[in-house]
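Novice: work03.pdb is the file, holding PDB, C-alpha atoms, pLDDT in the B column:
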```pdb
MODEL        1
ATOM      1  CA  HIS N   1      20.499  31.404  43.289  1.00 66.00           C
ATOM      2  CA  ASP N   2      17.256  29.496  43.433  1.00 81.00           C
ATOM      3  CA  GLY N   3      18.677  26.084  44.473  1.00 84.00           C
ATOM      4  CA  LYS N   4      18.169  24.475  41.070  1.00 89.00           C
ATOM      5  CA  LEU N   5      20.830  22.485  39.259  1.00 89.00           C
ATOM      6  CA  ASP N   6      23.368  24.607  37.368  1.00 89.00           C
ATOM      7  CA  ALA N   7      22.984  23.410  33.755  1.00 88.00           C
ATOM      8  CA  ALA N   8      26.541  24.640  32.980  1.00 89.00           C
ATOM      9  CA  PHE N   9      28.022  22.135  35.465  1.00 89.00           C
ATOM     10  CA  GLY N  10      28.724  18.596  34.224  1.00 85.00           C
ATOM     11  CA  ASP N  11      25.844  17.253  32.141  1.00 88.00           C
ATOM     12  CA  ASP N  12      22.801  19.445  32.859  1.00 88.00           C
ATOM     13  CA  GLY N  13      23.956  20.084  36.437  1.00 87.00           C
ATOM     14  CA  VAL N  14      25.309  16.616  37.283  1.00 87.00           C
ATOM     15  CA  SER N  15      28.953  15.553  37.122  1.00 87.00           C
ATOM     16  CA  SER N  16      29.352  11.783  36.774  1.00 83.00           C
ATOM     17  CA  LEU N  17      32.941  10.719  37.300  1.00 84.00           C
ATOM     18  CA  ASP N  18      33.526   7.025  36.686  1.00 84.00           C
ATOM     19  CA  THR N  19      35.157   6.290  40.058  1.00 86.00           C
ATOM     20  CA  GLY N  20      33.881   2.764  40.501  1.00 85.00           C
ATOM     21  CA  GLY N  21      33.155   3.437  44.148  1.00 88.00           C
ATOM     22  CA  TYR N  22      31.765   5.665  46.862  1.00 89.00           C
ATOM     23  CA  ALA N  23      33.005   9.142  47.701  1.00 88.00           C
ATOM     24  CA  ALA N  24      34.139   9.973  51.232  1.00 87.00           C
ATOM     25  CA  ALA N  25      35.649  13.430  50.631  1.00 90.00           C
ATOM     26  CA  ILE N  26      35.564  16.276  48.139  1.00 92.00           C
ATOM     27  CA  VAL N  27      37.807  19.353  48.053  1.00 92.00           C
ATOM     28  CA  GLN N  28      38.325  22.258  45.688  1.00 91.00           C
ATOM     29  CA  ARG N  29      41.715  23.299  44.352  1.00 89.00           C
ATOM     30  CA  SER N  30      42.716  26.944  44.052  1.00 86.00           C
ATOM     31  CA  ASN N  31      41.862  26.907  40.304  1.00 87.00           C
ATOM     32  CA  GLY N  32      38.320  25.688  41.020  1.00 88.00           C
ATOM     33  CA  ALA N  33      39.026  22.079  39.981  1.00 90.00           C
ATOM     34  CA  LEU N  34      37.443  19.450  42.211  1.00 92.00           C
ATOM     35  CA  LEU N  35      38.988  16.356  43.791  1.00 93.00           C
ATOM     36  CA  VAL N  36      36.835  13.473  44.993  1.00 92.00           C
ATOM     37  CA  ALA N  37      38.201  10.567  47.030  1.00 92.00           C
ATOM     38  CA  GLY N  38      36.768   7.409  48.526  1.00 90.00           C
ATOM     39  CA  SER N  39      36.481   3.619  48.454  1.00 89.00           C
ATOM     40  CA  ALA N  40      36.530   1.593  45.249  1.00 88.00           C
ATOM     41  CA  ASP N  41      33.967  -1.176  44.802  1.00 87.00           C
ATOM     42  CA  GLU N  42      36.654  -3.744  43.976  1.00 84.00           C
ATOM     43  CA  GLY N  43      38.728  -2.780  47.032  1.00 84.00           C
ATOM     44  CA  GLY N  44      41.217  -0.050  47.638  1.00 86.00           C
ATOM     45  CA  GLY N  45      40.435   3.577  47.011  1.00 89.00           C
ATOM     46  CA  PHE N  46      40.502   6.340  44.434  1.00 92.00           C
ATOM     47  CA  LEU N  47      41.211  10.005  43.783  1.00 92.00           C
ATOM     48  CA  ALA N  48      39.192  11.543  40.964  1.00 91.00           C
ATOM     49  CA  ALA N  49      39.551  14.973  39.392  1.00 91.00           C
ATOM     50  CA  ALA N  50      36.978  17.187  37.712  1.00 92.00           C
ATOM     51  CA  THR N  51      37.294  20.622  36.169  1.00 91.00           C
ATOM     52  CA  ALA N  52      35.525  23.545  37.822  1.00 92.00           C
ATOM     53  CA  ASN N  53      32.622  22.967  35.419  1.00 91.00           C
ATOM     54  CA  GLY N  54      32.260  19.276  36.377  1.00 90.00           C
ATOM     55  CA  GLN N  55      33.972  17.559  33.439  1.00 91.00           C
ATOM     56  CA  PRO N  56      36.569  14.791  34.003  1.00 90.00           C
ATOM     57  CA  HIS N  57      40.020  16.366  34.373  1.00 89.00           C
ATOM     58  CA  PRO N  58      43.042  14.342  33.177  1.00 88.00           C
ATOM     59  CA  VAL N  59      45.411  15.334  35.999  1.00 87.00           C
ATOM     60  CA  PHE N  60      46.788  12.012  37.306  1.00 85.00           C
ATOM     61  CA  GLY N  61      49.180  10.892  34.596  1.00 79.00           C
ATOM     62  CA  GLY N  62      46.643  11.757  31.919  1.00 82.00           C
ATOM     63  CA  LEU N  63      43.781  10.058  33.791  1.00 87.00           C
ATOM     64  CA  SER N  64      40.905  11.608  35.702  1.00 90.00           C
ATOM     65  CA  VAL N  65      40.849   8.741  38.257  1.00 89.00           C
ATOM     66  CA  LEU N  66      43.842   7.471  40.232  1.00 90.00           C
ATOM     67  CA  ARG N  67      43.513   4.040  41.903  1.00 89.00           C
ATOM     68  CA  LEU N  68      44.973   3.655  45.411  1.00 87.00           C
ATOM     69  CA  ALA N  69      45.799   0.504  47.383  1.00 84.00           C
ATOM     70  CA  HIS N  70      43.610   1.530  50.335  1.00 83.00           C
ATOM     71  CA  GLN N  71      40.272   3.274  50.836  1.00 85.00           C
ATOM     72  CA  VAL N  72      40.395   7.040  51.418  1.00 88.00           C
ATOM     73  CA  GLN N  73      38.722   8.576  54.475  1.00 86.00           C
ATOM     74  CA  ALA N  74      39.888  12.195  54.285  1.00 89.00           C
ATOM     75  CA  LEU N  75      41.509  14.553  51.785  1.00 92.00           C
ATOM     76  CA  ALA N  76      42.948  18.083  51.875  1.00 91.00           C
ATOM     77  CA  VAL N  77      44.898  20.339  49.516  1.00 91.00           C
ATOM     78  CA  GLN N  78      47.829  22.301  50.918  1.00 88.00           C
ATOM     79  CA  ALA N  79      48.569  25.876  49.824  1.00 85.00           C
ATOM     80  CA  ASP N  80      51.368  24.575  47.559  1.00 86.00           C
ATOM     81  CA  GLY N  81      48.894  22.243  45.783  1.00 88.00           C
ATOM     82  CA  LYS N  82      50.125  19.026  47.411  1.00 89.00           C
ATOM     83  CA  LEU N  83      47.483  16.567  48.595  1.00 90.00           C
ATOM     84  CA  LEU N  84      47.109  15.079  52.066  1.00 90.00           C
ATOM     85  CA  VAL N  85      45.290  11.744  51.918  1.00 89.00           C
ATOM     86  CA  SER N  86      44.187   9.581  54.851  1.00 86.00           C
ATOM     87  CA  THR N  87      43.810   5.902  53.978  1.00 83.00           C
ATOM     88  CA  VAL N  88      42.837   2.757  55.875  1.00 76.00           C
ATOM     89  CA  PRO N  89      43.768  -0.770  54.718  1.00 64.00           C
ATOM     90  CA  TYR N  90      40.788  -2.552  56.257  1.00 55.00           C
ATOM     91  CA  HIS N  91      37.083  -2.365  56.892  1.00 54.00           C
ATOM     92  CA  GLU N  92      36.278   0.542  59.233  1.00 50.00           C
ATOM     93  CA  ASP N  93      34.674  -1.800  61.796  1.00 54.00           C
ATOM     94  CA  ASP N  94      37.955  -3.665  62.227  1.00 52.00           C
ATOM     95  CA  CYS N  95      41.070  -2.075  63.729  1.00 56.00           C
ATOM     96  CA  PRO N  96      43.818  -4.702  63.847  1.00 53.00           C
ATOM     97  CA  GLY N  97      46.879  -2.481  63.723  1.00 55.00           C
ATOM     98  CA  PRO N  98      48.052   1.076  63.977  1.00 57.00           C
ATOM     99  CA  GLY N  99      45.034   2.381  62.094  1.00 65.00           C
ATOM    100  CA  TRP N 100      45.096   5.058  59.424  1.00 75.00           C
ATOM    101  CA  THR N 101      47.960   6.247  57.254  1.00 81.00           C
ATOM    102  CA  LEU N 102      48.461   9.856  56.198  1.00 84.00           C
ATOM    103  CA  GLN N 103      50.166  10.307  52.832  1.00 86.00           C
ATOM    104  CA  ARG N 104      51.270  13.409  50.986  1.00 88.00           C
ATOM    105  CA  LEU N 105      51.060  13.357  47.206  1.00 89.00           C
ATOM    106  CA  GLY N 106      52.195  15.879  44.638  1.00 88.00           C
ATOM    107  CA  SER N 107      49.459  17.751  42.780  1.00 87.00           C
ATOM    108  CA  SER N 108      49.505  15.061  40.062  1.00 87.00           C
ATOM    109  CA  GLY N 109      49.106  12.170  42.537  1.00 88.00           C
ATOM    110  CA  VAL N 110      52.758  11.080  42.854  1.00 88.00           C
ATOM    111  CA  ILE N 111      53.890  10.241  46.407  1.00 87.00           C
ATOM    112  CA  ASP N 112      56.004  13.005  47.987  1.00 88.00           C
ATOM    113  CA  PRO N 113      59.006  11.124  49.463  1.00 87.00           C
ATOM    114  CA  THR N 114      60.010  14.098  51.658  1.00 85.00           C
ATOM    115  CA  PHE N 115      56.996  13.512  53.938  1.00 83.00           C
ATOM    116  CA  GLY N 116      57.266  11.032  56.816  1.00 79.00           C
ATOM    117  CA  ALA N 117      58.829   7.720  55.845  1.00 79.00           C
ATOM    118  CA  ASP N 118      58.800   7.483  52.038  1.00 75.00           C
ATOM    119  CA  GLY N 119      55.770   9.767  51.703  1.00 76.00           C
ATOM    120  CA  SER N 120      53.546   8.488  54.489  1.00 77.00           C
ATOM    121  CA  MET N 121      53.023   8.550  58.217  1.00 75.00           C
ATOM    122  CA  THR N 122      51.277   5.770  60.118  1.00 70.00           C
ATOM    123  CA  SER N 123      48.797   6.759  62.798  1.00 65.00           C
ATOM    124  CA  LEU N 124      50.082   8.435  65.918  1.00 60.00           C
ATOM    125  CA  MET N 125      48.894   5.864  68.433  1.00 60.00           C
ATOM    126  CA  ILE N 126      47.680   6.904  71.863  1.00 58.00           C
ATOM    127  CA  ASP N 127      48.474   4.234  74.455  1.00 59.00           C
ATOM    128  CA  GLY N 128      45.375   2.498  75.783  1.00 58.00           C
ATOM    129  CA  GLU N 129      43.205   3.973  73.010  1.00 58.00           C
ATOM    130  CA  LYS N 130      43.572   1.302  70.301  1.00 56.00           C
ATOM    131  CA  ASP N 131      39.974   1.437  69.069  1.00 58.00           C
ATOM    132  CA  ARG N 132      39.988   5.234  68.994  1.00 57.00           C
ATOM    133  CA  ASN N 133      43.079   5.375  66.751  1.00 58.00           C
ATOM    134  CA  CYS N 134      41.400   3.740  63.753  1.00 64.00           C
ATOM    135  CA  ASP N 135      39.889   6.723  61.985  1.00 70.00           C
ATOM    136  CA  LEU N 136      41.317   9.920  60.556  1.00 72.00           C
ATOM    137  CA  THR N 137      38.112  11.540  59.340  1.00 78.00           C
ATOM    138  CA  LYS N 138      39.045  15.175  58.616  1.00 85.00           C
ATOM    139  CA  ILE N 139      42.141  17.111  57.579  1.00 88.00           C
ATOM    140  CA  TRP N 140      42.447  20.903  57.723  1.00 85.00           C
ATOM    141  CA  THR N 141      45.425  22.727  56.282  1.00 87.00           C
ATOM    142  CA  GLU N 142      46.670  26.064  57.550  1.00 84.00           C
ATOM    143  CA  PRO N 143      48.430  28.823  55.580  1.00 81.00           C
ATOM    144  CA  SER N 144      51.685  27.974  57.424  1.00 80.00           C
ATOM    145  CA  GLY N 145      51.580  24.458  55.960  1.00 76.00           C
ATOM    146  CA  ASP N 146      50.650  22.860  59.275  1.00 83.00           C
ATOM    147  CA  ALA N 147      47.762  20.421  59.327  1.00 84.00           C
ATOM    148  CA  VAL N 148      45.148  19.638  61.924  1.00 86.00           C
ATOM    149  CA  ILE N 149      43.711  16.147  61.774  1.00 83.00           C
ATOM    150  CA  GLN N 150      40.594  14.804  63.456  1.00 83.00           C
ATOM    151  CA  THR N 151      40.646  11.227  64.700  1.00 77.00           C
ATOM    152  CA  ALA N 152      38.354   9.306  67.029  1.00 73.00           C
ATOM    153  CA  ALA N 153      40.974  10.003  69.725  1.00 73.00           C
ATOM    154  CA  GLY N 154      40.756  13.789  69.211  1.00 77.00           C
ATOM    155  CA  LEU N 155      42.380  16.600  67.251  1.00 82.00           C
ATOM    156  CA  ARG N 156      46.083  16.517  66.502  1.00 79.00           C
ATOM    157  CA  ARG N 157      48.255  19.205  64.970  1.00 83.00           C
ATOM    158  CA  LEU N 158      51.159  18.205  62.753  1.00 80.00           C
ATOM    159  CA  ALA N 159      54.171  20.486  62.333  1.00 75.00           C
ATOM    160  CA  VAL N 160      54.782  22.340  59.072  1.00 58.00           C
ATOM    161  CA  LEU N 161      54.305  19.686  56.383  1.00 54.00           C
ATOM    162  CA  ASP N 162      55.520  21.580  53.354  1.00 48.00           C
ATOM    163  CA  GLN N 163      59.012  22.284  54.712  1.00 51.00           C
ATOM    164  CA  PRO N 164      61.827  19.786  54.119  1.00 46.00           C
ATOM    165  CA  ALA N 165      63.096  18.055  57.263  1.00 42.00           C
TER     166      ALA N 165
ENDMDL
END
```
I'd like the structure from this file rewritten - as structure tokens, please.
Specialist:
Amino acid sequence: HDGKLDAAFGDDGVSSLDTGGYAAAIVQRSNGALLVAGSADEGGGFLAAATANGQPHPVFGGLSVLRLAHQVQALAVQADGKLLVSTVPYHEDDCPGPGWTLQRLGSSGVIDPTFGADGSMTSLMIDGEKDRNCDLTKIWTEPSGDAVIQTAAGLRRLAVLDQPA
């Protein structure tokens, strides 16, 4: 515990996932595997998976990197292994519409159609707060399945997400 790189992790202490972009969030699954999410250089976003020891993990349909249509701002893993992903379809300095989208994916990256409308929920707008509705920057999950999200307009709690409607 001397602060030096752990040579057993990745390649001599460094895990280099070929994401083709910039990470915005990283979370750990219950088995120690890591998920990294962010913005892809060519547009859109990504989810990338690594084993607990930093090697690419083929979890998304046999791939270690899943490409998404929009950049990812926040990521969380629910107790049942499902993923909550916040995406934005535009540059963060521009907020033309309802802002962020929250999606729930299965543990292998497939959209969970039981969540929201076809697996996603568009931002919960606050009247008169258009510019403050653009960012969903953090997601916390609770043992009950509820989620607390942080946006520029404040914290919001969403009812039990892992229960069918």
Novice: Between N:Asp6, N:Val27, N:Thr19, N:Asp146, which has the minimum distance to Leu75 of chain N (counting all atoms listed in the file)?
Specialist: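 Going through N:Asp6, N:Val27, N:Thr19, N:Asp146 one by one, the smallest distance to Leu75 of chain N is for N:Val27.
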Novice: If you count all atoms listed in the file, which residues fall within 7 Å of segment 43-48 of chain N, apart from same-chain ones fewer than 3 positions away, as a list in words?
Specialist: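 What passes the distance filter is Thr19, Leu35, Val36, Ala37, Gly38, Ser39, Ala40, Ser64, Val65, Leu66, Arg67, Leu68, Ala69, His70, Gln71 and Val72 of chain N.
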Novice: Which residues fall under the PyMOL selection byres ((chain N and resi 151) around 7) in this file, as a VMD selection string?
Specialist: chain N and resid 133 135 to 137 149 to 150 152 to 155
Novice: Tell me which protein, DNA and RNA residues are within 8 Å of Lys82 of chain N, counting all atoms listed in the file, leaving out same-chain ones fewer than 5 positions away, and put them as a PyMOL selection string.
Specialist: chain N and resi 77+104-107
Novice: Starting from the displayed file, determine the output of the PyMOL selection byres ((chain N and resi 29) around 10) and express the residue list as number ranges by chain.
Specialist: N: 27-28, 30-35, 49, 51-52, 76-79, 81-83, 107
